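Engineer: You'll find model_0.tsv just under this line, and it carries TSV, C-alpha atoms.
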```
chain	number	residue	atom	x	y	z
A	202	MET	CA	65.73	75.94	59.37
A	203	SER	CA	65.61	78.57	62.12
A	204	ILE	CA	65.74	82.15	60.92
A	205	HIS	CA	67.73	83.00	64.05
A	206	THR	CA	71.24	82.22	62.79
A	207	SER	CA	72.54	83.01	66.28
A	208	GLN	CA	70.96	79.74	67.45
A	209	LYS	CA	73.17	77.67	65.13
A	210	GLU	CA	75.70	75.45	66.82
A	211	LYS	CA	79.19	75.62	65.39
A	212	ARG	CA	82.07	73.17	65.91
A	213	PHE	CA	85.70	74.26	65.69
A	214	LEU	CA	89.21	73.34	66.84
A	215	PHE	CA	91.38	75.58	69.02
A	216	THR	CA	95.01	75.11	70.14
A	217	SER	CA	96.99	76.55	73.08
A	218	GLU	CA	100.53	75.82	74.26
A	219	SER	CA	102.58	76.02	77.45
A	220	VAL	CA	106.33	75.92	78.01
A	221	ALA	CA	108.42	74.52	80.86
A	222	GLU	CA	110.22	76.54	83.53
A	223	GLY	CA	113.49	75.73	81.77
A	224	HIS	CA	112.39	76.89	78.32
A	225	SER	CA	114.91	79.58	77.32
A	226	ASP	CA	112.36	82.42	77.08
A	227	LYS	CA	110.50	81.39	80.25
A	228	MET	CA	113.76	81.17	82.17
A	229	CYS	CA	114.45	84.79	81.13
A	230	ASP	CA	110.96	85.83	82.28
A	231	GLN	CA	111.61	84.26	85.69
A	232	ILE	CA	115.02	85.93	86.04
A	233	SER	CA	113.53	89.32	85.11
A	234	ASP	CA	110.77	88.89	87.70
A	235	ALA	CA	113.23	87.62	90.33
A	236	VAL	CA	115.17	90.89	89.86
A	237	LEU	CA	111.90	92.87	90.13
A	238	ASP	CA	110.90	91.03	93.35
A	239	ALA	CA	114.33	91.63	94.90
A	240	HIS	CA	113.87	95.38	94.39
A	241	LEU	CA	110.22	95.52	95.50
A	242	SER	CA	110.95	93.55	98.70
A	243	ILE	CA	113.22	96.41	99.82
A	244	ASP	CA	111.78	99.39	97.90
A	245	PRO	CA	108.09	98.98	96.97
A	246	ASP	CA	108.33	102.12	94.81
A	247	ALA	CA	111.26	100.82	92.73
A	248	LYS	CA	110.97	101.51	89.00
A	249	VAL	CA	112.12	98.39	87.20
A	250	ALA	CA	112.31	97.48	83.51
A	251	CYS	CA	114.59	94.46	83.42
A	252	GLU	CA	115.16	92.34	80.32
A	253	CYS	CA	117.13	89.11	80.26
A	254	VAL	CA	118.94	87.42	77.36
A	255	ALA	CA	120.24	83.84	77.56
A	256	LYS	CA	122.63	81.90	75.32
A	257	THR	CA	125.13	79.08	75.94
A	258	GLY	CA	126.88	79.68	79.27
A	259	MET	CA	125.72	83.30	79.45
A	260	ILE	CA	123.00	85.49	80.97
A	261	LEU	CA	122.72	89.20	80.16
A	262	LEU	CA	120.58	91.57	82.23
A	263	CYS	CA	119.75	94.86	80.53
A	264	GLY	CA	117.27	97.63	81.15
A	265	GLU	CA	116.51	100.57	83.42
A	266	ILE	CA	116.17	100.43	87.19
A	267	THR	CA	115.79	103.26	89.72
A	268	SER	CA	115.58	101.89	93.26
A	269	GLN	CA	116.66	102.44	96.87
A	270	ALA	CA	117.58	98.74	97.05
A	271	ILE	CA	121.07	97.36	96.59
A	272	VAL	CA	120.66	94.02	94.86
A	273	ASP	CA	123.15	91.21	94.19
A	274	TYR	CA	122.30	90.43	90.56
A	275	GLN	CA	124.81	87.58	90.32
A	276	GLN	CA	123.19	85.78	93.24
A	277	ILE	CA	119.63	86.33	91.99
A	278	VAL	CA	120.42	84.99	88.52
A	279	ARG	CA	122.32	81.96	89.83
A	280	GLU	CA	119.69	81.06	92.43
A	281	THR	CA	116.93	81.27	89.81
A	282	LEU	CA	118.86	79.02	87.40
A	283	LYS	CA	119.55	76.54	90.21
A	284	ARG	CA	115.87	76.36	91.15
A	285	ILE	CA	114.88	75.78	87.52
A	286	GLY	CA	117.43	72.95	87.27
A	287	TYR	CA	120.26	74.31	85.12
A	288	ASP	CA	123.06	72.80	87.18
A	289	ASP	CA	125.31	71.25	84.51
A	290	SER	CA	126.71	72.50	81.21
A	291	SER	CA	125.43	69.31	79.53
A	292	LYS	CA	121.93	70.75	80.06
A	293	GLY	CA	122.88	73.93	78.20
A	294	LEU	CA	123.68	76.08	81.25
A	295	ASP	CA	125.31	75.68	84.66
A	296	TYR	CA	124.32	78.17	87.38
A	297	LYS	CA	127.72	77.73	89.07
A	298	THR	CA	129.91	78.63	86.10
A	299	CYS	CA	127.84	80.69	83.63
A	300	THR	CA	128.79	84.30	82.90
A	301	VAL	CA	126.37	86.94	84.20
A	302	LEU	CA	126.63	90.29	82.40
A	303	VAL	CA	124.85	93.36	83.78
A	304	ALA	CA	123.93	96.38	81.62
A	305	LEU	CA	121.39	98.19	83.81
A	306	GLU	CA	120.98	101.97	83.91
A	307	GLN	CA	118.71	104.43	85.76
A	308	GLN	CA	115.16	105.10	84.58
A	309	CYS	CA	115.03	108.00	82.12
A	310	LYS	CA	114.33	111.29	84.00
A	311	GLU	CA	111.71	112.38	81.45
A	312	ILE	CA	109.65	109.25	82.15
A	313	LYS	CA	109.99	109.75	85.92
A	314	HIS	CA	108.77	113.34	85.57
A	315	ALA	CA	105.79	112.28	83.40
A	316	ILE	CA	104.70	109.61	85.89
A	317	SER	CA	104.99	111.28	89.25
A	318	HIS	CA	105.80	115.01	89.16
A	319	GLY	CA	103.33	116.83	91.42
A	320	LYS	CA	100.88	113.88	91.52
A	321	SER	CA	99.27	111.97	94.39
A	322	ASP	CA	99.67	108.17	94.58
A	323	ASP	CA	96.23	107.54	93.07
A	324	ASP	CA	96.85	110.01	90.26
A	325	ILE	CA	100.26	108.88	89.06
A	326	GLY	CA	100.55	108.81	85.28
A	327	ALA	CA	101.04	105.69	83.19
A	328	GLY	CA	104.68	104.89	82.43
A	329	ASP	CA	103.95	104.48	78.73
A	330	GLN	CA	101.17	104.41	76.18
A	331	GLY	CA	99.61	101.09	75.20
A	332	LEU	CA	96.58	98.87	74.90
A	333	MET	CA	95.74	95.88	77.09
A	334	PHE	CA	93.11	93.15	77.03
A	335	GLY	CA	91.42	91.02	79.66
A	336	TYR	CA	89.41	87.90	78.84
A	337	ALA	CA	87.19	85.49	80.76
A	338	THR	CA	85.00	82.54	79.80
A	339	ASP	CA	82.57	80.39	81.79
A	340	GLU	CA	83.93	77.13	80.32
A	341	THR	CA	85.98	76.41	83.49
A	342	GLU	CA	85.67	77.25	87.18
A	343	GLU	CA	88.74	79.50	86.84
A	344	CYS	CA	87.06	81.39	83.95
A	345	MET	CA	90.00	80.44	81.72
A	346	PRO	CA	90.04	78.64	78.37
A	347	LEU	CA	90.43	74.90	78.97
A	348	THR	CA	93.09	74.58	76.24
A	349	ILE	CA	95.59	76.80	78.09
A	350	LEU	CA	94.70	75.42	81.55
A	351	LEU	CA	95.38	71.84	80.45
A	352	ALA	CA	98.60	72.82	78.65
A	353	HIS	CA	99.90	74.47	81.86
A	354	LYS	CA	98.82	71.50	84.00
A	355	LEU	CA	100.69	69.06	81.73
A	356	THR	CA	103.87	71.16	81.94
A	357	ALA	CA	103.56	71.53	85.72
A	358	ARG	CA	103.00	67.78	86.15
A	359	ILE	CA	106.22	66.95	84.26
A	360	LYS	CA	108.16	69.39	86.48
A	361	ALA	CA	106.60	67.89	89.63
A	362	LEU	CA	107.68	64.36	88.59
A	363	ALA	CA	111.21	65.66	87.96
A	364	ARG	CA	111.35	67.55	91.29
A	365	ASN	CA	110.11	64.67	93.45
A	366	GLY	CA	112.65	62.27	91.95
A	367	THR	CA	110.14	60.05	90.08
A	368	TRP	CA	111.69	61.03	86.73
A	369	PRO	CA	115.40	61.77	87.30
A	370	TRP	CA	115.92	61.72	83.50
A	371	VAL	CA	113.84	64.89	82.89
A	372	ARG	CA	115.79	68.05	82.03
A	373	PRO	CA	114.47	71.62	82.50
A	374	ASP	CA	113.28	72.54	78.96
A	375	GLY	CA	110.02	71.35	77.41
A	376	LYS	CA	106.72	72.24	75.77
A	377	THR	CA	103.13	71.05	75.65
A	378	GLN	CA	100.29	71.83	73.25
A	379	VAL	CA	96.58	71.04	73.47
A	380	THR	CA	94.10	71.14	70.58
A	381	MET	CA	90.46	70.83	71.63
A	382	GLU	CA	87.23	70.52	69.75
A	383	TYR	CA	84.71	73.13	70.87
A	384	LYS	CA	81.10	73.83	70.22
A	385	GLU	CA	79.88	77.40	70.07
A	386	SER	CA	76.31	78.29	70.81
A	387	ASN	CA	75.11	81.92	70.89
A	388	GLY	CA	78.67	83.13	71.42
A	389	ALA	CA	79.41	80.88	74.41
A	390	VAL	CA	81.96	78.09	73.94
A	391	GLU	CA	82.07	74.61	75.42
A	392	PRO	CA	85.01	72.19	75.16
A	393	ILE	CA	83.90	68.78	73.86
A	394	ARG	CA	87.02	66.64	73.49
A	395	VAL	CA	90.79	66.71	73.13
A	396	HIS	CA	91.61	66.44	69.44
A	397	THR	CA	95.44	66.41	69.64
A	398	LEU	CA	98.07	66.49	72.39
A	399	VAL	CA	101.72	67.34	71.84
A	400	ILE	CA	104.31	66.87	74.60
A	401	SER	CA	108.03	67.49	74.09
A	402	VAL	CA	110.06	66.65	77.16
A	403	HIS	CA	113.75	67.56	77.54
A	404	HIS	CA	115.51	64.35	78.61
A	405	ALA	CA	118.85	62.78	79.47
A	406	PRO	CA	120.56	60.66	76.79
A	407	ASP	CA	120.10	56.86	76.77
A	408	ILE	CA	116.41	56.90	77.74
A	409	PRO	CA	114.51	54.81	75.17
A	410	LEU	CA	111.86	56.71	73.23
A	411	LYS	CA	109.25	54.02	73.94
A	412	GLN	CA	109.83	54.37	77.70
A	413	ILE	CA	109.40	58.17	77.56
A	414	GLN	CA	106.19	57.84	75.53
A	415	LYS	CA	104.76	55.16	77.86
A	416	GLU	CA	105.55	57.16	81.00
A	417	LEU	CA	104.17	60.39	79.54
A	418	MET	CA	100.92	58.61	78.70
A	419	GLU	CA	100.52	56.92	82.08
A	420	LYS	CA	101.88	59.51	84.51
A	421	VAL	CA	101.04	62.76	82.72
A	422	VAL	CA	98.26	62.46	80.12
A	423	LYS	CA	96.02	60.07	82.06
A	424	GLU	CA	96.64	61.89	85.36
A	425	ILE	CA	95.94	65.40	84.06
A	426	ILE	CA	93.43	65.23	81.20
A	427	PRO	CA	89.92	64.35	82.46
A	428	GLU	CA	88.85	61.01	80.97
A	429	LYS	CA	85.69	62.49	79.44
A	430	TYR	CA	87.79	64.56	77.01
A	431	LEU	CA	89.81	61.61	75.66
A	432	ASP	CA	88.44	59.16	73.11
A	433	GLU	CA	89.67	56.65	70.53
A	434	ARG	CA	90.10	59.45	67.98
A	435	THR	CA	92.40	61.59	70.17
A	436	ILE	CA	95.81	61.99	68.51
A	437	TYR	CA	98.97	61.85	70.66
A	438	HIS	CA	102.34	63.25	69.62
A	439	LEU	CA	104.55	62.33	72.57
A	440	LEU	CA	108.11	63.50	71.87
A	441	PRO	CA	107.44	63.86	68.11
A	442	SER	CA	111.09	64.88	67.47
A	443	GLU	CA	112.03	61.42	68.89
A	444	LYS	CA	114.99	62.98	70.71
A	445	PHE	CA	115.30	66.12	72.87
A	446	VAL	CA	118.64	65.87	74.68
A	447	GLU	CA	120.04	69.27	73.78
A	448	GLY	CA	117.76	72.03	75.06
A	449	GLY	CA	117.71	75.29	76.94
A	450	PRO	CA	119.71	78.32	75.80
A	451	LYS	CA	122.37	76.12	74.16
A	452	SER	CA	119.96	75.09	71.40
A	453	ASP	CA	117.72	78.16	71.44
A	454	ALA	CA	118.52	81.69	72.68
A	455	GLY	CA	116.18	83.03	75.36
A	456	LEU	CA	114.63	86.47	75.76
A	457	THR	CA	112.25	88.05	78.28
A	458	GLY	CA	108.75	88.76	76.94
A	459	ARG	CA	108.60	86.28	74.08
A	460	LYS	CA	105.89	84.05	75.56
A	461	ILE	CA	103.07	86.57	75.91
A	462	ILE	CA	100.35	84.18	74.70
A	463	VAL	CA	101.50	81.41	77.06
A	464	ASP	CA	101.37	84.06	79.83
A	465	THR	CA	97.79	85.08	79.05
A	466	TYR	CA	94.91	83.24	77.32
A	467	GLY	CA	96.60	80.82	74.93
A	468	GLY	CA	95.46	82.70	71.84
A	469	TRP	CA	91.87	83.33	73.00
A	470	GLY	CA	90.57	86.87	73.44
A	471	ALA	CA	93.21	89.32	72.23
A	472	HIS	CA	96.62	90.69	73.19
A	473	GLY	CA	97.90	94.28	73.11
A	474	GLY	CA	101.50	93.14	72.57
A	475	GLY	CA	103.07	94.29	75.84
A	476	ALA	CA	104.91	91.65	77.88
A	477	PHE	CA	104.67	91.43	81.69
A	478	SER	CA	107.89	90.09	83.23
A	479	GLY	CA	110.56	92.42	84.57
A	480	LYS	CA	108.16	95.39	84.76
A	481	ASP	CA	107.11	97.10	87.99
A	482	PRO	CA	103.40	98.02	88.33
A	483	SER	CA	103.87	101.60	87.06
A	484	LYS	CA	104.06	99.91	83.65
A	485	VAL	CA	100.46	99.63	82.42
A	486	ASP	CA	101.45	96.74	80.13
A	487	ARG	CA	101.34	94.67	83.30
A	488	SER	CA	99.06	96.38	85.83
A	489	ALA	CA	96.28	97.31	83.38
A	490	ALA	CA	96.32	93.81	81.82
A	491	TYR	CA	95.80	92.42	85.33
A	492	ALA	CA	92.99	94.94	85.91
A	493	ALA	CA	91.34	94.01	82.59
A	494	ARG	CA	91.37	90.34	83.60
A	495	TRP	CA	89.91	91.29	87.02
A	496	ILE	CA	87.04	93.12	85.28
A	497	ALA	CA	86.40	90.28	82.81
A	498	LYS	CA	86.35	87.59	85.49
A	499	SER	CA	84.13	89.72	87.76
A	500	LEU	CA	81.56	90.14	84.95
A	501	VAL	CA	81.48	86.40	84.16
A	502	LYS	CA	81.33	85.34	87.83
A	503	ALA	CA	78.46	87.80	88.39
A	504	GLY	CA	76.53	85.94	85.67
A	505	LEU	CA	76.33	89.07	83.50
A	506	CYS	CA	77.80	87.24	80.49
A	507	LYS	CA	79.30	83.87	79.63
A	508	ARG	CA	82.36	85.22	77.83
A	509	VAL	CA	83.84	88.70	77.66
A	510	LEU	CA	86.78	90.69	76.33
A	511	ILE	CA	87.83	94.02	77.91
A	512	GLN	CA	90.16	96.51	76.24
A	513	LEU	CA	91.88	99.37	78.09
A	514	SER	CA	94.24	101.95	76.65
A	515	TYR	CA	96.56	104.51	78.29
A	516	ALA	CA	98.96	107.35	77.43
A	517	ILE	CA	102.25	108.26	79.11
A	518	GLY	CA	101.82	110.68	82.00
A	519	LEU	CA	98.00	110.37	82.12
A	520	SER	CA	96.32	108.55	84.99
A	521	HIS	CA	92.90	107.73	83.51
A	522	PRO	CA	92.48	105.23	80.68
A	523	LEU	CA	91.88	106.82	77.27
A	524	ALA	CA	89.24	104.22	76.48
A	525	ILE	CA	87.43	101.24	78.01
A	526	SER	CA	85.71	98.74	75.70
A	527	VAL	CA	83.55	95.68	76.45
A	528	PHE	CA	82.80	92.87	73.97
A	529	HIS	CA	80.46	90.11	75.20
A	530	TYR	CA	80.27	87.92	72.06
A	531	GLY	CA	76.47	87.95	72.27
A	532	THR	CA	76.52	85.97	75.54
A	533	SER	CA	74.71	88.55	77.69
A	534	ASP	CA	71.08	89.61	77.92
A	535	ARG	CA	72.40	93.14	78.46
A	536	SER	CA	73.93	95.34	75.79
A	537	GLU	CA	77.66	95.99	75.67
A	538	GLU	CA	76.88	99.63	76.52
A	539	GLU	CA	75.11	98.49	79.73
A	540	LEU	CA	78.06	96.29	80.70
A	541	LEU	CA	80.41	99.21	80.06
A	542	GLU	CA	78.34	101.35	82.44
A	543	ILE	CA	78.61	98.63	85.10
A	544	VAL	CA	82.39	98.52	84.61
A	545	GLN	CA	82.71	102.31	84.89
A	546	LYS	CA	80.57	102.35	88.03
A	547	ASN	CA	82.49	99.56	89.80
A	548	PHE	CA	86.14	99.99	88.80
A	549	ASP	CA	88.50	102.94	89.24
A	550	LEU	CA	90.90	102.38	86.37
A	551	ARG	CA	93.39	105.11	87.11
A	552	LEU	CA	96.83	103.47	87.30
A	553	GLY	CA	97.37	104.46	90.94
A	554	ALA	CA	93.98	103.05	91.97
A	555	ILE	CA	94.70	99.74	90.20
A	556	ILE	CA	98.04	99.45	92.02
A	557	ARG	CA	96.36	100.17	95.37
A	558	GLU	CA	93.31	97.92	94.91
A	559	LEU	CA	95.24	94.95	93.57
A	560	ASP	CA	98.14	95.54	96.01
A	561	LEU	CA	100.72	95.37	93.24
A	562	LYS	CA	103.77	96.75	95.05
A	563	ARG	CA	104.49	93.41	96.74
A	564	PRO	CA	107.25	91.01	95.55
A	565	ILE	CA	104.79	88.52	94.03
A	566	TYR	CA	105.97	88.43	90.45
A	567	GLN	CA	108.43	85.57	90.14
A	568	LYS	CA	105.66	83.06	90.70
A	569	THR	CA	103.58	84.62	87.91
A	570	ALA	CA	106.43	84.04	85.43
A	571	CYS	CA	105.66	80.39	84.68
A	572	TYR	CA	102.35	78.51	84.15
A	573	GLY	CA	100.44	81.68	83.29
A	574	HIS	CA	99.53	84.94	85.04
A	575	PHE	CA	95.78	84.16	85.05
A	576	GLY	CA	93.49	81.45	86.39
A	577	ARG	CA	95.46	81.04	89.64
A	578	GLU	CA	93.62	81.84	92.85
A	579	GLU	CA	96.66	83.16	94.74
A	580	PHE	CA	96.63	86.46	92.82
A	581	THR	CA	94.45	89.45	93.76
A	582	TRP	CA	93.26	90.04	90.18
A	583	GLU	CA	91.71	86.55	90.21
A	584	ILE	CA	89.36	87.36	93.11
A	585	PRO	CA	86.14	88.61	91.48
A	586	LYS	CA	84.83	91.96	92.70
A	587	LYS	CA	81.26	92.07	93.99
A	588	LEU	CA	79.59	94.31	91.46
A	589	VAL	CA	76.94	96.91	92.21
A	590	TYR	CA	74.42	97.41	89.37
```
Please express the file's structure as structure tokens.

Structural biologist:
Amino acid sequence: MSIHTSQKEKRFLFTSESVAEGHSDKMCDQISDAVLDAHLSIDPDAKVACECVAKTGMILLCGEITSQAIVDYQQIVRETLKRIGYDDSSKGLDYKTCTVLVALEQQCKEIKHAISHGKSDDDIGAGDQGLMFGYATDETEECMPLTILLAHKLTARIKALARNGTWPWVRPDGKTQVTMEYKESNGAVEPIRVHTLVISVHHAPDIPLKQIQKELMEKVVKEIIPEKYLDERTIYHLLPSEKFVEGGPKSDAGLTGRKIIVDTYGGWGAHGGGAFSGKDPSKVDRSAAYAARWIAKSLVKAGLCKRVLIQLSYAIGLSHPLAISVFHYGTSDRSEEELLEIVQKNFDLRLGAIIRELDLKRPIYQKTACYGHFGREEFTWEIPKKLVY
């Protein structure tokens, strides 16, 4: 037996989930980010912290907003619900008739003073304290864990079949879950096969279970999961509840910021606990998490490591991070201290510099609010930086 235990190959299972656009919590995330985008499109310096709560026939917006923009909250909420597909009370919510309650106040003056008083744009202070993580892995082209990528692709495929009219019986809610078998070698991970798939699709009454299961297998599973990952031992739980007619906020209250693992790395890496949706970029929970992902992906794409976790931390009113940490899981021929030096040399991690470099004052956030904030080429934090070292 080799004395180098690091050479040992280890097998393990890992699970990630995704939720549909019409899942109660995800719907709230999208409404919060639709409100944020409406403000940023008129006032790029708007300070927005918008939470959304959903229950049967009701949406509540609450939070703190200071902005030059005058925004029609009723219209934004109703348009978002319509796009998601909540157009009838039998689905748990109807955009035409639901009650929209608004409890929004101005941003606290003490916070405003801490962030911007007497400071240049690049030196603005963080809007709160907190810790954020960024993760990247070389197991996929996108540098994302395959478990979460596949879970999102399954969810998106179901929505596409509903939108194009192929599956008129699909309703807006739903969930997917992917368990994969991995092998780990010297800290790097490689997906081997799909161990278990779970798909719960929100559906109209009177659709036979067998039909739903057959169509999910043919039009979703076989279309999305690469054949090489499926074998005779793969376990399928297609609509395991056998019935999912009542969904959305009628059967389960919704809240902004309750799907933070779906939004990020599906349980891989780590999470600092701060949600993203409804927050303008002066909130480091969002902007610094995006920056940490940008750093992680840049390191992996530069070939400096196969897998990496970045931690940043901030304090209210201070522009520079309190700490930057790099963990490479033993997948680099450089030390973690050397990688940290490369990060410090290549990235200005003051909040104002992050906002400027990643161009975060644009109304881009509603499209981040479903199918994950990472692993999607349209976002600036997914374009690796050319590193100098």

Engineer: For a test of reading the model, state the distance in Å between CA of Gly553 in chain A and CA of Leu523 in chain A, rounded to one decimal.

Structural biologist: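 For CA of Gly553 in chain A relative to CA of Leu523 in chain A, the distance reads 14.9 Å.
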
Engineer: Rank nothing, just name the residue among A:Arg494, A:His521, A:His529, A:Arg535 nearest to Phe334 in chain A, using all atoms listed in the file.

Structural biologist: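 With all atoms listed in the file as the atom set, the closest residue is A:Arg494.
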
Engineer: Wanna dump the range 473-508 of chain A-range 258-275 of chain A contacts at 10 Å for me, each residue with its shortest atom pair and the distance in Å to one decimal, counting all atoms listed in the file, ordered by chain and number, as CSV?

Structural biologist:
```
residue,atom,partner,partner_atom,distance
A:Gly479,CA,A:Gly264,CA,9.2
A:Lys480,CA,A:Ile266,CA,9.8
A:Asp481,CA,A:Ile266,CA,9.7
```

Engineer: If I take CA of Leu440 in chain A and CA of Ile400 in chain A, how far is one from the other in Å, to one decimal?

Structural biologist: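 A separation of 5.8 Å between them.
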
Engineer: CA of Gln567 in chain A to CA of Ile511 in chain A: how many Å, to one decimal?

Structural biologist: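 Taking CA of Gln567 in chain A and CA of Ile511 in chain A, their separation equals 25.4 Å.
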
Engineer: Write out as a PyMOL selection string which residues come within 9 Å of His472 in chain A when counting all atoms listed in the file, dropping same-chain ones fewer than 4 positions away.

Structural biologist: chain A and resi 332-335+461-462+465-466+468

Engineer: Just want the 12 Å neighbourhood of Ser536 in chain A, counted on only C-alpha atoms, with same-chain residues fewer than 6 positions away dropped. Output as a VMD selection string.

Structural biologist: chain A and resid 505 to 506 527 to 530 542 to 543

Engineer: Could you please take those selected residues and save C-alpha atoms as a compact mmCIF listing (two decimals), in the frame of the given file?

Structural biologist:
```
# COMPACT_ATOMS: atom_id res chain seq x y z
CA LEU A 505 76.33 89.07 83.50
CA CYS A 506 77.80 87.24 80.49
CA VAL A 527 83.55 95.68 76.45
CA PHE A 528 82.80 92.87 73.97
CA HIS A 529 80.46 90.11 75.20
CA TYR A 530 80.27 87.92 72.06
CA GLU A 542 78.34 101.35 82.44
CA ILE A 543 78.61 98.63 85.10
```

Engineer: So, with only C-alpha atoms as the atoms that count, which of A:Gly455, A:Pro441, A:Pro245, A:Gly366 lies closest to Arg563 in chain A?

Structural biologist: A:Pro245

Engineer: Compare A:Lys211, A:Arg364, A:Lys310, A:Lys444 by their minimum atom-to-atom distance to Gln414 in chain A, counting all atoms listed in the file, and give me the closest one.

Structural biologist: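 Looking only at the distances to Gln414 in chain A, the closest residue turns out to be A:Lys444.
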
Engineer: From the list A:Gly531, A:Pro409, A:Gly328, A:Gly504, which residue is nearest Val485 in chain A when using all atoms listed in the file?

Structural biologist: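 The closest residue to Val485 in chain A is A:Gly328.
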
Engineer: Just want the 9 Å neighbourhood of Lys568 in chain A, counted on all atoms listed in the file, with same-chain residues fewer than 3 positions away dropped. Output as a list in words.

Structural biologist: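 Surrounding residues, per the criterion: Gln231, Asp234, Ala235, Ile565, Cys571, Tyr572 and His574 of chain A.
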
Engineer: Could you dump the residues just selected with C-alpha atoms as an mmCIF file, keeping the file's coordinate frame?

Structural biologist:
```cif
data_model
loop_
_atom_site.group_PDB
_atom_site.id
_atom_site.type_symbol
_atom_site.label_atom_id
_atom_site.label_comp_id
_atom_site.auth_asym_id
_atom_site.auth_seq_id
_atom_site.Cartn_x
_atom_site.Cartn_y
_atom_site.Cartn_z
ATOM 1 C CA GLN A 231 111.610 84.260 85.690
ATOM 2 C CA ASP A 234 110.770 88.890 87.700
ATOM 3 C CA ALA A 235 113.230 87.620 90.330
ATOM 4 C CA ILE A 565 104.790 88.520 94.030
ATOM 5 C CA CYS A 571 105.660 80.390 84.680
ATOM 6 C CA TYR A 572 102.350 78.510 84.150
ATOM 7 C CA HIS A 574 99.530 84.940 85.040
#
```

Engineer: Can you work out which one of A:Cys309, A:Ala554, A:Leu561, A:Ala389 has the shortest atom-to-atom distance to Ser321 in chain A, counting all atoms listed in the file?

Structural biologist: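 Of A:Cys309, A:Ala554, A:Leu561, A:Ala389, the one nearest Ser321 in chain A, counting all atoms listed in the file, is A:Ala554.
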
Engineer: Ranking A:Ser225, A:Asn387, A:Thr216, A:Gln412 by minimum distance to Arg459 in chain A and counting only C-alpha atoms, which one comes first?

Structural biologist: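 Ranking A:Ser225, A:Asn387, A:Thr216, A:Gln412 by distance to Arg459 in chain A, first place goes to A:Ser225.
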
Engineer: Find the residues around Pro522 in chain A up to 7 Å (only C-alpha atoms counted), leave out those fewer than 2 positions away in its own chain, and share them as number ranges by chain.

Structural biologist: A: 513-515, 520, 524-525, 550-551

Engineer: Produce a file of the selected residues containing C-alpha atoms, as a PDB file, in the frame of the given file.

Structural biologist:
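The new file out-v2.pdb reads:
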```pdb
ATOM      1  CA  LEU A 513      91.880  99.370  78.090  1.00  0.00           C
ATOM      2  CA  SER A 514      94.240 101.950  76.650  1.00  0.00           C
ATOM      3  CA  TYR A 515      96.560 104.510  78.290  1.00  0.00           C
ATOM      4  CA  SER A 520      96.320 108.550  84.990  1.00  0.00           C
ATOM      5  CA  ALA A 524      89.240 104.220  76.480  1.00  0.00           C
ATOM      6  CA  ILE A 525      87.430 101.240  78.010  1.00  0.00           C
ATOM      7  CA  LEU A 550      90.900 102.380  86.370  1.00  0.00           C
ATOM      8  CA  ARG A 551      93.390 105.110  87.110  1.00  0.00           C
TER       9      ARG A 551
END
```

Engineer: Which neighbours of Tyr287 in chain A fall inside 8 Å, counting only C-alpha atoms, when residues of the same chain fewer than 5 positions from it are skipped, and could you give them as a compact mmCIF listing (two decimals) with C-alpha atoms, in the coordinates of the input?

Structural biologist:
```
# COMPACT_ATOMS: atom_id res chain seq x y z
CA GLY A 223 113.49 75.73 81.77
CA LEU A 282 118.86 79.02 87.40
CA LYS A 292 121.93 70.75 80.06
CA GLY A 293 122.88 73.93 78.20
CA LEU A 294 123.68 76.08 81.25
CA ASP A 295 125.31 75.68 84.66
CA TYR A 296 124.32 78.17 87.38
CA PRO A 373 114.47 71.62 82.50
```

Engineer: At a cut-off of 12 Å from (120.3, 87.7, 76.9) in the coordinates of the file, what residues are picked up using only C-alpha atoms, written as number ranges by chain?

Structural biologist: A: 225-226, 228-230, 232-233, 251-264, 278, 300-304, 450, 453-458

Engineer: Assuming 5 Å of padding per side, give the centre and edge lengths of the axis-aligned box around every listed atom of range 331-348 of chain A, in Å to one decimal and as lines of an AutoDock Vina configuration file.

Structural biologist:
```
center_x = 91.1
center_y = 87.8
center_z = 81.0
size_x = 27.0
size_y = 36.5
size_z = 22.3
```
